[in-house]
Structures are given as structure tokens and as C-alpha cells.
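S.K.: As input, take coords01.cif (mmCIF, C-alpha atoms and all ligand atoms):
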data_my_file
loop_
_atom_site.label_atom_id
_atom_site.label_comp_id
_atom_site.auth_asym_id
_atom_site.auth_seq_id
_atom_site.Cartn_x
_atom_site.Cartn_y
_atom_site.Cartn_z
CA MET T 930 20.89 -4.17 -69.10
CA GLN T 931 23.47 -5.60 -66.75
CA PRO T 932 22.02 -5.36 -63.23
CA LYS T 933 23.62 -2.98 -60.80
CA PRO T 934 25.42 -4.80 -57.98
CA HIS T 935 23.32 -5.51 -54.89
CA GLY T 936 23.07 -2.23 -52.99
CA GLY T 937 24.11 -0.24 -56.07
CA LYS T 938 27.89 -0.35 -55.94
CA LEU T 939 30.42 -3.14 -56.45
CA VAL T 940 32.56 -3.42 -53.34
CA ASN T 941 36.31 -3.53 -53.84
CA ARG T 942 38.21 -4.46 -50.70
CA THR T 943 41.29 -5.74 -52.49
CA LEU T 944 44.47 -4.19 -51.20
CA PRO T 945 46.29 -2.26 -53.96
CA ALA T 946 49.53 -3.96 -55.04
CA ALA T 947 51.57 -1.03 -53.67
CA ASP T 948 50.22 -1.63 -50.14
CA ARG T 949 50.46 -5.39 -50.23
CA ALA T 950 54.22 -5.72 -49.72
CA ARG T 951 54.11 -3.28 -46.81
CA ARG T 952 51.29 -5.15 -45.07
CA GLU T 953 53.00 -8.49 -45.64
CA ALA T 954 56.13 -7.10 -43.99
CA GLU T 955 54.02 -6.16 -40.96
CA LEU T 956 52.50 -9.60 -40.68
CA LYS T 957 54.65 -10.82 -37.80
CA GLU T 958 53.48 -7.95 -35.60
CA LEU T 959 49.79 -8.69 -36.09
CA PRO T 960 47.64 -11.23 -34.24
CA GLN T 961 47.26 -14.13 -36.66
CA LEU T 962 44.00 -16.00 -36.92
CA VAL T 963 43.44 -19.14 -39.00
CA PRO T 964 39.68 -19.21 -39.62
CA PHE T 965 37.72 -22.22 -40.83
CA VAL T 966 38.17 -22.72 -44.57
CA ASP T 967 34.62 -21.45 -45.20
CA GLN T 968 35.62 -18.04 -43.87
CA VAL T 969 38.86 -18.07 -45.88
CA TYR T 970 36.66 -18.35 -48.99
CA ASP T 971 34.32 -15.66 -47.64
CA THR T 972 37.27 -13.31 -47.04
CA GLU T 973 38.17 -13.52 -50.69
CA LYS T 974 34.57 -13.12 -51.84
CA ILE T 975 34.10 -10.01 -49.70
CA GLY T 976 37.37 -8.62 -51.07
CA ILE T 977 36.41 -9.03 -54.74
CA GLY T 978 32.86 -7.73 -54.24
CA ALA T 979 31.01 -11.03 -54.75
CA TYR T 980 29.09 -10.31 -51.53
CA SER T 981 28.41 -6.61 -52.27
CA PRO T 982 27.29 -4.56 -50.36
CA LEU T 983 29.11 -6.40 -47.51
CA GLU T 984 32.52 -4.92 -46.80
CA GLY T 985 33.39 -7.32 -44.03
CA PHE T 986 32.10 -9.93 -41.61
CA MET T 987 28.77 -9.13 -39.98
CA ASP T 988 28.39 -7.80 -36.48
CA SER T 989 25.50 -8.55 -34.17
CA ALA T 990 23.06 -5.94 -35.54
CA PRO T 991 23.08 -7.09 -39.20
CA LEU T 992 23.12 -10.69 -38.00
CA GLU T 993 19.88 -10.13 -36.16
CA SER T 994 18.16 -8.48 -39.12
CA VAL T 995 19.46 -11.14 -41.53
CA LEU T 996 17.88 -13.82 -39.32
CA THR T 997 14.59 -11.89 -39.15
CA PRO T 998 13.30 -10.45 -41.47
CA GLY T 999 16.03 -11.68 -43.86
CA ARG T 1000 17.34 -8.23 -44.72
CA LEU T 1001 20.34 -6.04 -43.98
CA PRO T 1002 19.63 -3.19 -41.53
CA HIS T 1003 18.76 -0.76 -44.38
CA GLY T 1004 16.18 -3.16 -45.76
CA LEU T 1005 18.14 -4.79 -48.58
CA PRO T 1006 17.25 -8.49 -48.90
CA TRP T 1007 19.96 -10.81 -47.47
CA THR T 1008 19.20 -14.22 -46.04
CA ILE T 1009 22.54 -15.88 -45.14
CA PRO T 1010 24.74 -14.69 -42.25
CA VAL T 1011 28.37 -14.05 -43.18
CA LEU T 1012 30.08 -14.58 -39.86
CA LEU T 1013 33.63 -15.16 -38.71
CA PRO T 1014 33.49 -17.58 -35.77
CA ILE T 1015 36.71 -17.80 -33.78
CA PRO T 1016 37.89 -21.43 -33.99
CA SER T 1017 38.02 -22.96 -30.52
CA ILE T 1018 41.56 -24.20 -31.16
CA THR T 1019 42.84 -20.61 -31.31
CA ASP T 1020 45.67 -20.20 -28.77
CA ALA T 1021 45.16 -18.06 -25.66
CA GLN T 1022 47.75 -15.47 -26.63
CA THR T 1023 46.04 -14.78 -29.98
CA LEU T 1024 42.60 -14.87 -28.35
CA ALA T 1025 43.62 -12.11 -25.94
CA ARG T 1026 44.62 -9.89 -28.85
CA LEU T 1027 41.36 -10.25 -30.79
CA GLN T 1028 39.89 -7.01 -29.53
CA VAL T 1029 37.85 -4.16 -30.97
CA GLY T 1030 40.08 -1.73 -32.86
CA GLU T 1031 42.80 -4.34 -33.52
CA GLU T 1032 43.94 -5.37 -36.97
CA VAL T 1033 44.02 -9.12 -37.35
CA ALA T 1034 45.76 -11.11 -40.09
CA LEU T 1035 43.59 -13.87 -41.55
CA LEU T 1036 45.60 -16.86 -42.75
CA ASP T 1037 44.56 -19.92 -44.71
CA GLY T 1038 45.27 -23.50 -43.63
CA ASN T 1039 48.77 -23.27 -45.13
CA ARG T 1040 49.37 -20.08 -43.11
CA ARG T 1041 49.29 -17.95 -46.21
CA PHE T 1042 48.27 -14.35 -45.58
CA ILE T 1043 44.80 -13.90 -47.11
CA GLY T 1044 43.26 -10.85 -45.52
CA LEU T 1045 43.21 -8.18 -42.86
CA LEU T 1046 40.29 -7.73 -40.50
CA ARG T 1047 39.69 -4.49 -38.64
CA VAL T 1048 37.78 -5.73 -35.59
CA SER T 1049 34.60 -3.72 -34.87
CA GLU T 1050 32.94 -6.21 -32.54
CA ARG T 1051 33.64 -9.49 -30.77
CA PHE T 1052 30.42 -11.17 -29.74
CA ARG T 1053 28.67 -14.37 -28.75
CA TYR T 1054 25.96 -15.47 -31.13
CA ASP T 1055 22.98 -17.70 -30.63
CA LYS T 1056 23.66 -20.85 -32.65
CA LYS T 1057 20.21 -22.24 -31.97
CA ALA T 1058 18.47 -19.11 -33.28
CA LEU T 1059 20.78 -19.09 -36.30
CA ALA T 1060 20.15 -22.74 -37.16
CA GLU T 1061 16.41 -22.33 -36.74
CA SER T 1062 16.17 -19.19 -38.84
CA VAL T 1063 18.59 -20.02 -41.66
CA TYR T 1064 18.33 -23.81 -41.91
CA GLY T 1065 14.88 -24.23 -40.39
CA THR T 1066 16.11 -27.08 -38.17
CA HIS T 1067 18.33 -28.09 -35.24
CA ASP T 1068 18.77 -31.56 -36.66
CA PRO T 1069 22.48 -32.43 -36.34
CA THR T 1070 22.29 -34.58 -39.47
CA HIS T 1071 21.96 -31.36 -41.49
CA PRO T 1072 25.55 -30.70 -42.70
CA ASN T 1073 25.57 -26.96 -41.94
CA VAL T 1074 23.92 -27.43 -38.53
CA GLN T 1075 26.65 -29.94 -37.79
CA ASP T 1076 29.31 -27.41 -38.85
CA LEU T 1077 27.70 -24.78 -36.67
CA GLN T 1078 27.97 -27.02 -33.64
CA LEU T 1079 31.70 -27.37 -34.27
CA ALA T 1080 32.22 -23.64 -34.87
CA GLY T 1081 33.40 -21.35 -32.07
CA ASP T 1082 30.86 -19.67 -29.79
CA GLU T 1083 32.24 -16.21 -30.39
CA ALA T 1084 32.56 -14.32 -33.67
CA LEU T 1085 34.60 -11.39 -34.91
CA ALA T 1086 33.09 -8.64 -37.02
CA GLY T 1087 34.75 -5.95 -39.06
CA SER T 1088 35.81 -4.74 -42.47
CA VAL T 1089 38.11 -6.90 -44.55
CA ASP T 1090 40.97 -6.10 -46.91
CA LEU T 1091 41.96 -8.89 -49.24
CA VAL T 1092 45.74 -9.25 -49.31
CA ASN T 1093 46.09 -12.32 -51.56
CA ARG T 1094 43.68 -14.21 -53.80
CA LEU T 1095 43.15 -17.89 -53.04
CA THR T 1096 45.55 -20.27 -54.73
CA LEU T 1097 43.74 -22.61 -57.08
CA PRO T 1098 45.13 -25.80 -58.65
CA ALA T 1099 47.08 -25.32 -61.86
CA GLY T 1100 44.92 -24.58 -64.85
CA ARG T 1101 42.04 -23.33 -62.80
CA SER T 1102 41.13 -19.69 -62.66
CA GLU T 1103 38.13 -17.93 -61.29
CA LEU T 1104 36.54 -14.77 -62.67
CA THR T 1105 35.89 -11.88 -60.28
CA PRO T 1106 32.67 -9.86 -60.58
CA VAL T 1107 34.67 -7.07 -62.27
CA GLU T 1108 36.03 -9.58 -64.80
CA SER T 1109 32.75 -11.36 -65.52
CA ARG T 1110 30.95 -8.02 -65.99
CA ALA T 1111 33.67 -6.86 -68.41
CA LEU T 1112 33.56 -10.17 -70.27
CA PHE T 1113 29.76 -10.05 -70.70
CA GLU T 1114 30.03 -6.50 -71.96
CA GLU T 1115 32.77 -7.43 -74.40
CA LYS T 1116 30.53 -10.21 -75.74
CA GLY T 1117 27.66 -7.76 -76.10
CA TRP T 1118 25.55 -9.71 -73.58
CA LYS T 1119 23.06 -7.52 -71.79
CA ASN T 1120 20.93 -10.22 -70.23
CA VAL T 1121 22.88 -13.06 -68.72
CA ALA T 1122 21.31 -16.03 -66.93
CA ALA T 1123 23.31 -17.65 -64.14
CA TYR T 1124 23.27 -21.39 -63.59
CA GLN T 1125 24.05 -22.67 -60.10
CA CYS T 1126 25.36 -26.23 -59.75
CA ARG T 1127 27.62 -28.42 -57.65
CA ASN T 1128 27.70 -31.71 -59.58
CA PRO T 1129 28.85 -32.79 -63.04
CA PRO T 1130 26.16 -32.20 -65.67
CA HIS T 1131 23.67 -34.82 -66.81
CA THR T 1132 20.97 -34.44 -69.42
CA ALA T 1133 18.35 -32.97 -67.07
CA HIS T 1134 20.76 -30.13 -66.27
CA GLU T 1135 21.54 -29.69 -69.93
CA TYR T 1136 17.86 -29.55 -70.82
CA ILE T 1137 17.26 -26.64 -68.44
CA GLN T 1138 20.34 -24.84 -69.77
CA ARG T 1139 19.07 -25.29 -73.33
CA LEU T 1140 15.59 -24.05 -72.44
CA THR T 1141 17.25 -20.97 -70.97
CA LEU T 1142 19.44 -20.42 -74.03
CA GLU T 1143 16.31 -20.62 -76.23
CA ARG T 1144 14.70 -17.68 -74.43
CA GLU T 1145 14.44 -14.43 -76.31
CA ASP T 1146 15.39 -12.46 -73.20
CA VAL T 1147 18.68 -14.34 -72.64
CA ASP T 1148 21.89 -13.31 -74.43
CA GLY T 1149 24.21 -15.71 -72.67
CA LEU T 1150 24.52 -18.34 -69.97
CA PHE T 1151 26.97 -18.14 -67.07
CA ILE T 1152 27.62 -21.63 -65.68
CA HIS T 1153 29.01 -21.00 -62.21
CA PRO T 1154 29.60 -24.24 -60.27
CA VAL T 1155 30.14 -23.94 -56.52
CA VAL T 1156 33.40 -25.79 -55.81
CA GLY T 1157 34.30 -24.73 -52.30
CA ARG T 1158 34.61 -27.04 -49.34
CA LEU T 1159 33.36 -30.44 -50.32
CA LYS T 1160 32.77 -33.60 -48.41
CA LYS T 1161 34.04 -37.12 -48.72
CA GLY T 1162 32.37 -38.87 -51.63
CA ASP T 1163 31.82 -35.66 -53.64
CA TYR T 1164 33.40 -35.19 -57.03
CA ARG T 1165 36.68 -33.30 -56.98
CA PRO T 1166 36.35 -29.67 -58.11
CA GLU T 1167 38.63 -30.32 -61.09
CA VAL T 1168 36.36 -33.16 -62.21
CA ILE T 1169 33.22 -31.03 -62.01
CA LEU T 1170 34.89 -28.30 -64.06
CA GLU T 1171 36.37 -30.74 -66.57
CA ALA T 1172 32.96 -32.38 -67.02
CA TYR T 1173 31.30 -29.03 -67.57
CA GLY T 1174 34.10 -28.03 -69.92
CA ALA T 1175 33.36 -31.15 -72.01
CA LEU T 1176 29.67 -30.29 -72.26
CA VAL T 1177 30.32 -26.64 -73.09
CA ASN T 1178 33.07 -27.34 -75.63
CA HIS T 1179 31.37 -30.22 -77.44
CA TYR T 1180 27.77 -29.09 -77.48
CA TYR T 1181 27.20 -25.37 -76.94
CA PRO T 1182 27.97 -22.50 -79.32
CA SER T 1183 31.18 -20.93 -78.01
CA ASP T 1184 29.72 -17.42 -78.04
CA ARG T 1185 26.77 -18.21 -75.78
CA VAL T 1186 28.20 -19.80 -72.63
CA VAL T 1187 30.84 -18.80 -70.05
CA LEU T 1188 32.08 -21.30 -67.44
CA SER T 1189 33.87 -20.27 -64.25
CA PRO T 1190 34.01 -21.77 -60.76
CA LEU T 1191 32.78 -20.09 -57.59
CA THR T 1192 34.88 -21.08 -54.59
CA ILE T 1193 32.56 -20.77 -51.60
CA SER T 1194 31.22 -23.31 -49.15
CA MET T 1195 27.77 -24.53 -49.92
CA ARG T 1196 25.04 -23.46 -47.53
CA TYR T 1197 22.32 -26.06 -47.84
CA ALA T 1198 19.66 -23.67 -46.61
CA GLY T 1199 17.16 -24.43 -49.39
CA PRO T 1200 15.17 -21.27 -50.22
CA LYS T 1201 17.33 -18.88 -48.19
CA ALA T 1202 20.46 -20.21 -49.88
CA ALA T 1203 18.82 -19.98 -53.31
CA LEU T 1204 18.13 -16.29 -52.74
CA PHE T 1205 21.66 -15.69 -51.46
CA LEU T 1206 23.18 -17.52 -54.45
CA ALA T 1207 21.05 -15.38 -56.79
CA ILE T 1208 22.25 -12.17 -55.08
CA VAL T 1209 25.87 -13.30 -55.52
CA ARG T 1210 25.25 -13.94 -59.25
CA LYS T 1211 23.65 -10.51 -59.58
CA ASN T 1212 26.98 -9.11 -58.35
CA TYR T 1213 28.72 -11.06 -61.12
CA GLY T 1214 26.48 -9.28 -63.66
CA CYS T 1215 23.63 -11.76 -64.14
CA GLY T 1216 20.11 -10.32 -64.30
CA LEU T 1217 18.44 -13.72 -64.61
CA TYR T 1218 18.87 -16.68 -62.33
CA ILE T 1219 17.91 -20.31 -62.90
CA VAL T 1220 16.11 -21.88 -59.94
CA GLY T 1221 15.77 -25.62 -60.16
CA ARG T 1222 13.56 -27.78 -58.01
CA ASP T 1223 14.80 -28.10 -54.40
CA GLN T 1224 17.75 -25.84 -55.16
CA ALA T 1225 20.39 -25.75 -52.40
CA GLY T 1226 18.43 -28.38 -50.51
CA VAL T 1227 19.74 -31.42 -48.72
CA GLY T 1228 17.92 -34.55 -47.60
CA ARG T 1229 14.25 -33.80 -47.05
CA PHE T 1230 14.69 -30.59 -45.11
CA TYR T 1231 12.92 -28.28 -47.58
CA ALA T 1232 9.77 -28.44 -49.67
CA PRO T 1233 10.89 -28.96 -53.28
CA THR T 1234 9.17 -25.73 -54.43
CA ALA T 1235 10.32 -23.58 -51.48
CA ALA T 1236 13.29 -22.24 -53.47
CA HIS T 1237 10.88 -21.16 -56.21
CA ARG T 1238 8.52 -19.41 -53.81
CA ILE T 1239 11.07 -17.30 -51.94
CA PHE T 1240 11.54 -15.19 -55.07
CA ASP T 1241 7.92 -14.02 -54.61
CA GLU T 1242 8.71 -12.82 -51.10
CA TYR T 1243 11.80 -10.78 -51.97
CA ASP T 1244 12.54 -8.53 -54.91
CA ILE T 1245 16.30 -8.64 -55.45
CA GLY T 1246 16.25 -7.10 -58.92
CA VAL T 1247 16.91 -10.43 -60.62
CA THR T 1248 14.45 -12.38 -62.77
CA PRO T 1249 14.10 -15.93 -61.43
CA LEU T 1250 13.77 -18.60 -64.11
CA ARG T 1251 11.91 -21.35 -62.29
CA TYR T 1252 12.07 -24.86 -63.70
CA ASP T 1253 10.35 -28.05 -62.67
CA GLU T 1254 12.18 -31.32 -62.39
CA SER T 1255 13.05 -32.58 -65.88
CA PHE T 1256 13.87 -36.07 -67.09
CA PHE T 1257 14.19 -38.26 -70.16
CA CYS T 1258 10.88 -40.01 -70.83
CA ARG T 1259 11.15 -43.28 -72.77
CA ALA T 1260 7.56 -43.02 -74.01
CA CYS T 1261 8.07 -39.46 -75.29
CA GLY T 1262 11.57 -40.34 -76.49
CA TRP T 1263 12.56 -36.86 -75.37
CA MET T 1264 13.51 -34.68 -72.45
CA ALA T 1265 10.40 -33.54 -70.63
CA SER T 1266 8.88 -32.41 -67.38
CA ALA T 1267 5.49 -32.88 -65.73
CA LYS T 1268 4.37 -29.86 -67.78
CA THR T 1269 5.05 -31.58 -71.09
CA CYS T 1270 4.75 -35.33 -70.58
CA ALA T 1271 1.68 -37.50 -69.96
CA HIS T 1272 3.45 -40.71 -68.93
CA PRO T 1273 3.94 -42.37 -65.56
CA ALA T 1274 7.15 -42.02 -63.56
CA SER T 1275 8.12 -45.58 -64.55
CA ASP T 1276 8.83 -44.30 -68.08
CA ARG T 1277 11.41 -41.83 -66.80
CA ILE T 1278 15.13 -42.43 -66.71
CA ASP T 1279 16.35 -41.86 -63.18
CA THR T 1280 18.90 -39.04 -63.27
CA SER T 1281 19.79 -39.10 -59.58
CA GLN T 1282 23.47 -38.83 -58.73
CA THR T 1283 23.12 -42.13 -56.85
CA ARG T 1284 22.01 -43.89 -60.00
CA ILE T 1285 24.75 -42.28 -62.09
CA ARG T 1286 27.45 -43.21 -59.60
CA LYS T 1287 26.21 -46.77 -59.42
CA ALA T 1288 26.35 -47.09 -63.20
CA LEU T 1289 29.79 -45.47 -63.33
CA GLY T 1290 31.11 -47.74 -60.61
CA GLY T 1291 30.13 -50.99 -62.31
CA ASP T 1292 30.09 -52.01 -65.94
CA GLY T 1293 26.54 -50.76 -66.10
CA GLU T 1294 25.68 -49.00 -69.30
CA LEU T 1295 25.22 -45.26 -69.20
CA PRO T 1296 22.68 -44.33 -71.82
CA VAL T 1297 23.27 -41.10 -73.75
CA GLU T 1298 19.81 -40.13 -72.57
CA LEU T 1299 21.39 -39.80 -69.12
CA LEU T 1300 24.95 -38.64 -69.64
CA ARG T 1301 26.92 -37.28 -72.59
CA PRO T 1302 29.69 -39.77 -73.51
CA GLU T 1303 32.36 -37.04 -73.18
CA VAL T 1304 31.14 -36.36 -69.64
CA ALA T 1305 30.87 -40.07 -68.81
CA ALA T 1306 34.48 -40.60 -69.97
CA ILE T 1307 35.66 -37.99 -67.48
CA LEU T 1308 33.62 -39.44 -64.62
CA ARG T 1309 34.94 -42.93 -65.36
CA GLN T 1310 38.54 -41.87 -64.71
CA PRO T 1311 40.15 -43.13 -61.51
CA ASP T 1312 40.14 -40.97 -58.37
CA VAL T 1313 37.36 -38.63 -59.37
CA LEU T 1314 35.85 -38.68 -55.89
CA LEU T 1315 37.24 -37.16 -52.75
CA THR T 1316 38.37 -39.86 -50.34
CA GLU T 1317 38.72 -37.67 -47.27
ZN ZN K 1401 6.51 -38.86 -71.60
#
As C-alpha cells, how would this structure be written, given the file I've shared?
M.R.:
Amino acid sequence: MQPKPHGGKLVNRTLPAADRARREAELKELPQLVPFVDQVYDTEKIGIGAYSPLEGFMDSAPLESVLTPGRLPHGLPWTIPVLLPIPSITDAQTLARLQVGEEVALLDGNRRFIGLLRVSERFRYDKKALAESVYGTHDPTHPNVQDLQLAGDEALAGSVDLVNRLTLPAGRSELTPVESRALFEEKGWKNVAAYQCRNPPHTAHEYIQRLTLEREDVDGLFIHPVVGRLKKGDYRPEVILEAYGALVNHYYPSDRVVLSPLTISMRYAGPKAALFLAIVRKNYGCGLYIVGRDQAGVGRFYAPTAAHRIFDEYDIGVTPLRYDESFFCRACGWMASAKTCAHPASDRIDTSQTRIRKALGGDGELPVELLRPEVAAILRQPDVLLTE
């Protein structure tokens, strides 16, 4: 059975087409706020129901209960705050108009009208408490802690109406939860496993996907790469999708896998992010969720098995599929994990992104045990990495 959305009902805060033109005509009369890009993505995700049951940006009461005990005020598990900090560069005239009861136009970086916010609260929030609870650290080398320091000190809360979907580069489209649910139904898939990723696929990823596809309780796999705000040195979103497309098209049966991007900013909150990402996939219609080792981690901030364990603490109505680290073992001549291979680590082919990039950068050989040639060809193209 397809899982019900989180909280029971799929939120739809997308403005009907008939109202859109009218609201766009009113734009010049509204206070106009250009949030950080992360919140532009969140506006769209709230609008299409990806964050059900959230209907808008959180106010101070849900924020507090999301920090501790990691639930919405009615007890539903939720571990990542969805806040709208007011950027500190906002001009004084706009700032003065951001008041409770006001309607505010949310614009993207190109000043395109994305959404409407009905302000229910304007409040200061405790960045230190947030960093400690969500990311477990104040360390400014943590990317999200760093972002938090740059974010405004005050936040706006309130319900959101999505006016326009995000514009994606040509050829790229992104399924909404309504669309993915309809697609799974059309395919006759009752039990869909979601795969979270943010890098092009290598063989260790593929192995876990294959193990999932072999399961009797899995009808299909939803590969759902996070391609939101990225940092310098990351692969471009198009490259990640093209690389996944090559794997899916060349190696998987066409009736067993669906690939679609998820444009949100990555929260590297380890276990708390893993749970959040699973809740989002539940809203897209996935009742099973693949949890790799150190999922949504960064650096050495989280214990590698923490993302596995958090699914014992919260029941979100999704079956976690927990996998150990996998690798190609030369002695086994096969993909394996510590559960299936007796050999020392020196027999394993290093599948780290660092190693792959090094090999791609030079003339170094990329063994098929590490990367599919179709994927390697895409990653060897010029300008695959973001330079700023
Ligand atoms: Zn082995």
C-alpha cells in the first residue's frame, strides 16, 4: 500500500491558475522579500505538499517542539526546522512592512514571484540552540552552522501559497508528490523504496540499489537525488542527473526504476536529516526508505550508524532499509560488505568521491568495478564541477 502522506493528508498550497494572474497583478502593492535560495526551494516544496503536513514556515511554538523532542506540536515526528529568516540585507522600508497580518511576496534571486506568505509571527530565534539541537555542534566548519551564522536573526512565520514553480534548466523536470504517487499507481507499484543521493552513482551505490530491487517487498525504486543549493567543487545538478540517467537507462529494467530530482538544500544534520528526508519521500509515496551508512553526514560530525539508529526512536510509518558500507573486494571478486566478506580493507577498492575525482582528473584508469563506463564518460566531460 502507498503510505498516507505524513499527518494523513497531502498539502496543496499551490495557487489555482485562475487566481495566479490576479495575484501577479497585485505584486507591486505587496512588500517584496527575497529570501535565501534555501527558502525559495522550501516555498515550492511547501506549496506542492513535499513537506506535508506543513502549510507554511514555522513559528516559534513548532520550532521549539521540533528542536526538542523532535516533533510537531501534535506529536508527529519532525526533526528539521523549516524557517524563513529575514536576510539582513533587506531594506528598511520592506522590513517595516513585514508585520503580522501582512501578505508578503516571496521572490527568487531573479525577482521572479514564487510565493505569498501570510505573516502570523515575526520572531527572534536562538541560533545557538538550533545549531546544537539539529546539527549537534556549534563548529563553524559545519556547512549548515556556517549558513546559520550568516542568516538573519529574525524569522517570519506563516502559511504559504505557491504562485509559480521554480524554473529548472531546459530538459529537467521534477515530479511533485501528486505526480509521483499517480505514476507509481499507474505502474502498479504498491511498495516503493526511495533512494536518497547527492553524487553521481558508483558501484557501491548501485549494489545497494540492486539489493533493494531484489527484495520481495519492493515493487519499484524511486531514485531521488537532492540537487538544490550546491557548493563550489560539487558536480553540477545536470551532471548528477545525466549520470544517473546513464545508469538507469543502460542497466536497470525500465519498469522498475523512476528517476526525478528533488530541489532542496541539503541539511547535513546526519540522523535528524535522514529522518526528515525519509518523511519527505513518504509524502512522494514511498513506504520504504534506503538508509546508507553516515547518511546526510558531513566530515566526522556524526557516528556512521546514527542515521540507522534514529529510525528506532521514531515511527514515521516508513520501513527503513538499513545498509552497511559496501565495496568491491578484489579477493571476493564481487561487491560485498563487512557482512559478506572475510578480507582485509586493503583488498577493497576505494569508492570515495575523492578517489574517483582524482582518477577522473588525471589519466588514471577507472576500473569498471568502481564506475560504469557510461557514467565515467559523463564525468570526464569538461565543466562538470561548479566553479563558484
Ligand atoms: Zn572479500
S.K.: List the neighbours of Val1155 of chain T out to 8 Å using only C-alpha atoms; skip same-chain residues closer than 4 positions along the sequence, and give me the result as number ranges by chain.
M.R.: T: 1125-1127, 1190-1195
S.K.: Within 12 Å of ligand ZN 1401 (chain K), counting all atoms listed in the file: which residues, as a PyMOL selection string?
M.R.: chain T and resi 1255-1278
S.K.: Output C-alpha atoms for every residue in the selection just made, as a PDB file, in the coordinates of the input.
M.R.:
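Saved as result.pdb:
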ATOM      1  CA  SER T1255      13.050 -32.580 -65.880  1.00  0.00           C
ATOM      2  CA  PHE T1256      13.870 -36.070 -67.090  1.00  0.00           C
ATOM      3  CA  PHE T1257      14.190 -38.260 -70.160  1.00  0.00           C
ATOM      4  CA  CYS T1258      10.880 -40.010 -70.830  1.00  0.00           C
ATOM      5  CA  ARG T1259      11.150 -43.280 -72.770  1.00  0.00           C
ATOM      6  CA  ALA T1260       7.560 -43.020 -74.010  1.00  0.00           C
ATOM      7  CA  CYS T1261       8.070 -39.460 -75.290  1.00  0.00           C
ATOM      8  CA  GLY T1262      11.570 -40.340 -76.490  1.00  0.00           C
ATOM      9  CA  TRP T1263      12.560 -36.860 -75.370  1.00  0.00           C
ATOM     10  CA  MET T1264      13.510 -34.680 -72.450  1.00  0.00           C
ATOM     11  CA  ALA T1265      10.400 -33.540 -70.630  1.00  0.00           C
ATOM     12  CA  SER T1266       8.880 -32.410 -67.380  1.00  0.00           C
ATOM     13  CA  ALA T1267       5.490 -32.880 -65.730  1.00  0.00           C
ATOM     14  CA  LYS T1268       4.370 -29.860 -67.780  1.00  0.00           C
ATOM     15  CA  THR T1269       5.050 -31.580 -71.090  1.00  0.00           C
ATOM     16  CA  CYS T1270       4.750 -35.330 -70.580  1.00  0.00           C
ATOM     17  CA  ALA T1271       1.680 -37.500 -69.960  1.00  0.00           C
ATOM     18  CA  HIS T1272       3.450 -40.710 -68.930  1.00  0.00           C
ATOM     19  CA  PRO T1273       3.940 -42.370 -65.560  1.00  0.00           C
ATOM     20  CA  ALA T1274       7.150 -42.020 -63.560  1.00  0.00           C
ATOM     21  CA  SER T1275       8.120 -45.580 -64.550  1.00  0.00           C
ATOM     22  CA  ASP T1276       8.830 -44.300 -68.080  1.00  0.00           C
ATOM     23  CA  ARG T1277      11.410 -41.830 -66.800  1.00  0.00           C
ATOM     24  CA  ILE T1278      15.130 -42.430 -66.710  1.00  0.00           C
TER      25      ILE T1278
END
S.K.: Which residue, T:Leu1204, T:Ala947, T:Leu1314, T:Leu956, has the smallest gap to Gly1162 of chain T when you use all atoms listed in the file?
M.R.: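 Checking each candidate against Gly1162 of chain T, we get T:Leu1314 as the closest.
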S.K.: Name all residues at most 10 Å from His935 of chain T (count all atoms listed in the file; drop same-chain ones fewer than 4 positions away) and give them as an NGL selection string.
M.R.: :T and (939-940 or 978-983 or 1005-1007 or 1208-1213 or 1245-1247)
S.K.: Would you work out the distance separating atom CA of Arg949 of chain T from atom CA of Ala1021 of chain T, expressed in Å to one decimal?
M.R.: 28.1 Å
S.K.: Identify, on the basis of all atoms listed in the file, every residue whose closest approach to Pro1014 of chain T does not exceed 8 Å; exclude the query and any residue fewer than 4 positions from it along the same chain; express the result as a ChimeraX atom specification.
M.R.: /T:964,1080-1085
S.K.: Rank nothing, just name the residue among T:Ser1281, T:Thr1070, T:Thr1096, T:Thr972 nearest to Tyr1197 of chain T, using all atoms listed in the file.
M.R.: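 Among T:Ser1281, T:Thr1070, T:Thr1096, T:Thr972, it is T:Thr1070 that comes nearest to Tyr1197 of chain T.
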S.K.: Point out the residue among T:Ile1015, T:Leu1035, T:Leu1001, T:Leu996 with the least atom-to-atom distance to Phe1052 of chain T, counting all atoms listed in the file.
M.R.: T:Ile1015
S.K.: Considering only C-alpha atoms, state which residue in the set T:Met930, T:Leu1300, T:Val1147, T:Ala950 is at the smallest distance from Ala1133 of chain T.
M.R.: T:Leu1300
S.K.: Which is closer to Leu1188 of chain T than all the others in T:Ile1307, T:Ala1232, T:Ala1123, T:Ala1202, using all atoms listed in the file?
M.R.: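 Comparing T:Ile1307, T:Ala1232, T:Ala1123, T:Ala1202 against Leu1188 of chain T, the winner is T:Ala1123.
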S.K.: Closest to Glu1254 of chain T among T:Val1186, T:Ala1236, T:Ile1285, T:Ile1137, using all atoms listed in the file?
M.R.: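 Nearest to Glu1254 of chain T: T:Ile1137.
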S.K.: Atom CA of Leu1024 of chain T and atom CA of Gln961 of chain T are how many Å apart?
M.R.: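 Atom CA of Gln961 of chain T lies at a distance of 9.6 Å from atom CA of Leu1024 of chain T.
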S.K.: Counting all atoms listed in the file, which residues come within 6 Å of (15.6, -23.7, -64.6), with the point read in the file's coordinates, and could you list them as a list in words?
M.R.: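 Using all atoms listed in the file, the matching residues come out as Ile1137, Ile1219, Val1220, Gly1221, Leu1250, Arg1251 and Tyr1252 of chain T.
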S.K.: So how far away is atom CA of Asp1090 of chain T from atom CA of Arg942 of chain T, in Å?
M.R.: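 Separation of atom CA of Arg942 of chain T and atom CA of Asp1090 of chain T: 5.0 Å.
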S.K.: So that I can see what lies close to Arg1139 of chain T, please list as a PyMOL selection string the residues with an atom at most 12 Å from it, counting all atoms listed in the file and leaving out residues fewer than 2 positions away in the same chain.
M.R.: chain T and resi 1122+1124+1132-1137+1141-1144+1147+1149-1150+1176-1177+1180-1182+1185-1186+1219+1252+1264
S.K.: Please check which residues have atoms at most 10 Å from (47.1, -12.4, -28.8) in the file's coordinates, counting all atoms listed in the file, and write them as a list in words.
M.R.: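 Protein, DNA and RNA residues close to (47.1, -12.4, -28.8): Leu959, Pro960, Gln961, Leu962, Thr1019, Asp1020, Ala1021, Gln1022, Thr1023, Leu1024, Ala1025, Arg1026, Leu1027, Gln1028 and Val1033 of chain T.
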S.K.: If we count only C-alpha atoms and set the cut-off at 12 Å, which residues sit around Asn1178 of chain T, ignoring sequence neighbours fewer than 5 positions away in its own chain? Please answer as number ranges by chain.
M.R.: T: 1170-1173, 1183-1188, 1303-1304
